[in-house]
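> Take a look at this one; I'll ask things after.
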Amino acid sequence: MQIPMVDLKIQYRQLQAEIDEAVRNVLESAYFIMGPQGTSFEEEIAAYLGVKHAIGVASGTDALHLALRATGLGPGDEVITTPFTFIATAEAIAYVGATPVFVDIDPATFNIDVEQVAAAITPATRAVLPVHLFGQPADLEPLKKICLDNDLLLVEDCAQSCGARYGDKMTGALGDLGCYSFFPSKNLGCFGDGGLVVTNSDDLAAQVRTLRNHGSRERYHHSIIGYNSRLDDLQAAILRVKLKHLDRFNQQRRENAHRYSSKLSELGITVPFEDGKGTHVYHQYTVLMDQREAVQKALAAEGIASAIYYPIPLHQQEVFQQQCRGTSLPVSERVAEQCLSLPIYPELTAAQVDRIVETIAPVVQG
């Protein structure tokens, strides 16, 4: 039996009655855009995350873009971020005309290295954009202090960390803005694209709401050039159903991850590190190994999926080649050469985890 990276069909079957009813209610209401489901979802997830404002948008990339645009960032400004992430993080910085400044990652957590953030600040620096990679919260307390001491914005990329905590707060609640993705494979995923911006600032929230709706605060009155970036009510209704189950799903991810780690660490594989400052919610389960290609071939032969997140750090991508010429970020480069992500989702069974480990073991043991 094949094991995918994530099994969205099995989750739908488990929630089918709830989801089908929620979708049917939207279809019968004929409120599809900026309707009551969207409003209710924003209220519910704001309460869940412990923030004042939650604004649904069309995608995680739009969430980052609109959040940065709302702050007034633009040409001549620098934003410090990580090179070991999906390109949307840096794309959003470029969208507003600012310059992404890449610093290396912590070798244990794969999140942005706090000491290197402090060293990279220049007179042009306006913001720091950490990514809570694979569901592991970045070290927010010292990052927030750096931002406060240097009058910088802190914008959290929470695309992979929905439901994760840092101390007693949810990721997204400590920065000036937090940005989420509801891409179907995410910990909280809809049935298409979707995203969210959260903030405790009334002014930033008002700006994001205006930007997402063609620059309009009042119908047919447009104060700024905005975008068409609204989370539709069908997606919001599905997310409302799934939000009720998110903590349970994340706990199941953690249990599967810990089962993996207890077995893979005995094989000499570098397993994910939990720093104890936050709660890792394992959007991905990513290990480091020297035998990556051989392991992938062995897994594929058994019908088991695997993936490499991310094979090329952003500072080595063609699009940033001129800007980053001569830049060396050795930890990111080494991790990119050795990382391998294994199947992880709430419904993954213990037997499936064991089968995956048993497939890997003879390859790494020689």
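Following the order of the structure tokens, chains are lettered A, B, ..., residues in each are numbered from 1, and ligands are numbered from 1.
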For stretch 4-8 of chain A, list every protein, DNA or RNA residue within 12 Å, evaluated using only C-alpha atoms, and leave out those in the same chain fewer than 5 positions away; present the list as JSON, numbers by chain.
{"A": [13, 14, 15, 16, 183, 184, 185, 186, 187, 188, 189, 190, 191, 253, 283, 284, 285, 286, 299, 300, 302, 303, 304, 305, 306, 307, 308, 340, 341, 342, 343, 344, 345, 346, 347, 348, 349, 352, 353, 356]}
> Hey, can you check how far atom CA of A:Leu314 sits from atom CA of A:Gly74?
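Pair atom CA of A:Leu314 / atom CA of A:Gly74 returns 20.3 Å.
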> Taking 3 positions as the minimum chain separation for residues in the same chain, which residues sit within 10 Å of stretch 118-123 of chain A when counting only C-alpha atoms? Answer as a list in words.
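Contacts, in chain order: Asp77, Glu78, Val79, Ile80, Val101, Phe102, Val103, Asp113, Val114, Glu115, Arg126, Ala127, Val128, Pro142, Leu143, Ile146, Cys147, Asn150 and Leu152 of chain A.
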> Could you pull out all residues of stretch 32-251 of chain A with a DSSP call of helix (DSSP H, G or I) and give them as a PyMOL selection string?
chain A and resi 36-49+60-70+88-95+114-120+133-135+140-149+202-212+233-243+246-251
> In terms of the shortest atom-to-atom distance over only C-alpha atoms, which of A:Leu153, A:Val57, A:Ala361, A:Leu204 is closest to A:Tyr180?
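Among the listed residues, A:Val57 lies closest to A:Tyr180.
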> Can you measure atom CA of A:Gly195 to atom CA of A:Val281 for me? One decimal in Å is fine.
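Answer for the atom CA of A:Gly195 to atom CA of A:Val281 separation: 18.3 Å.
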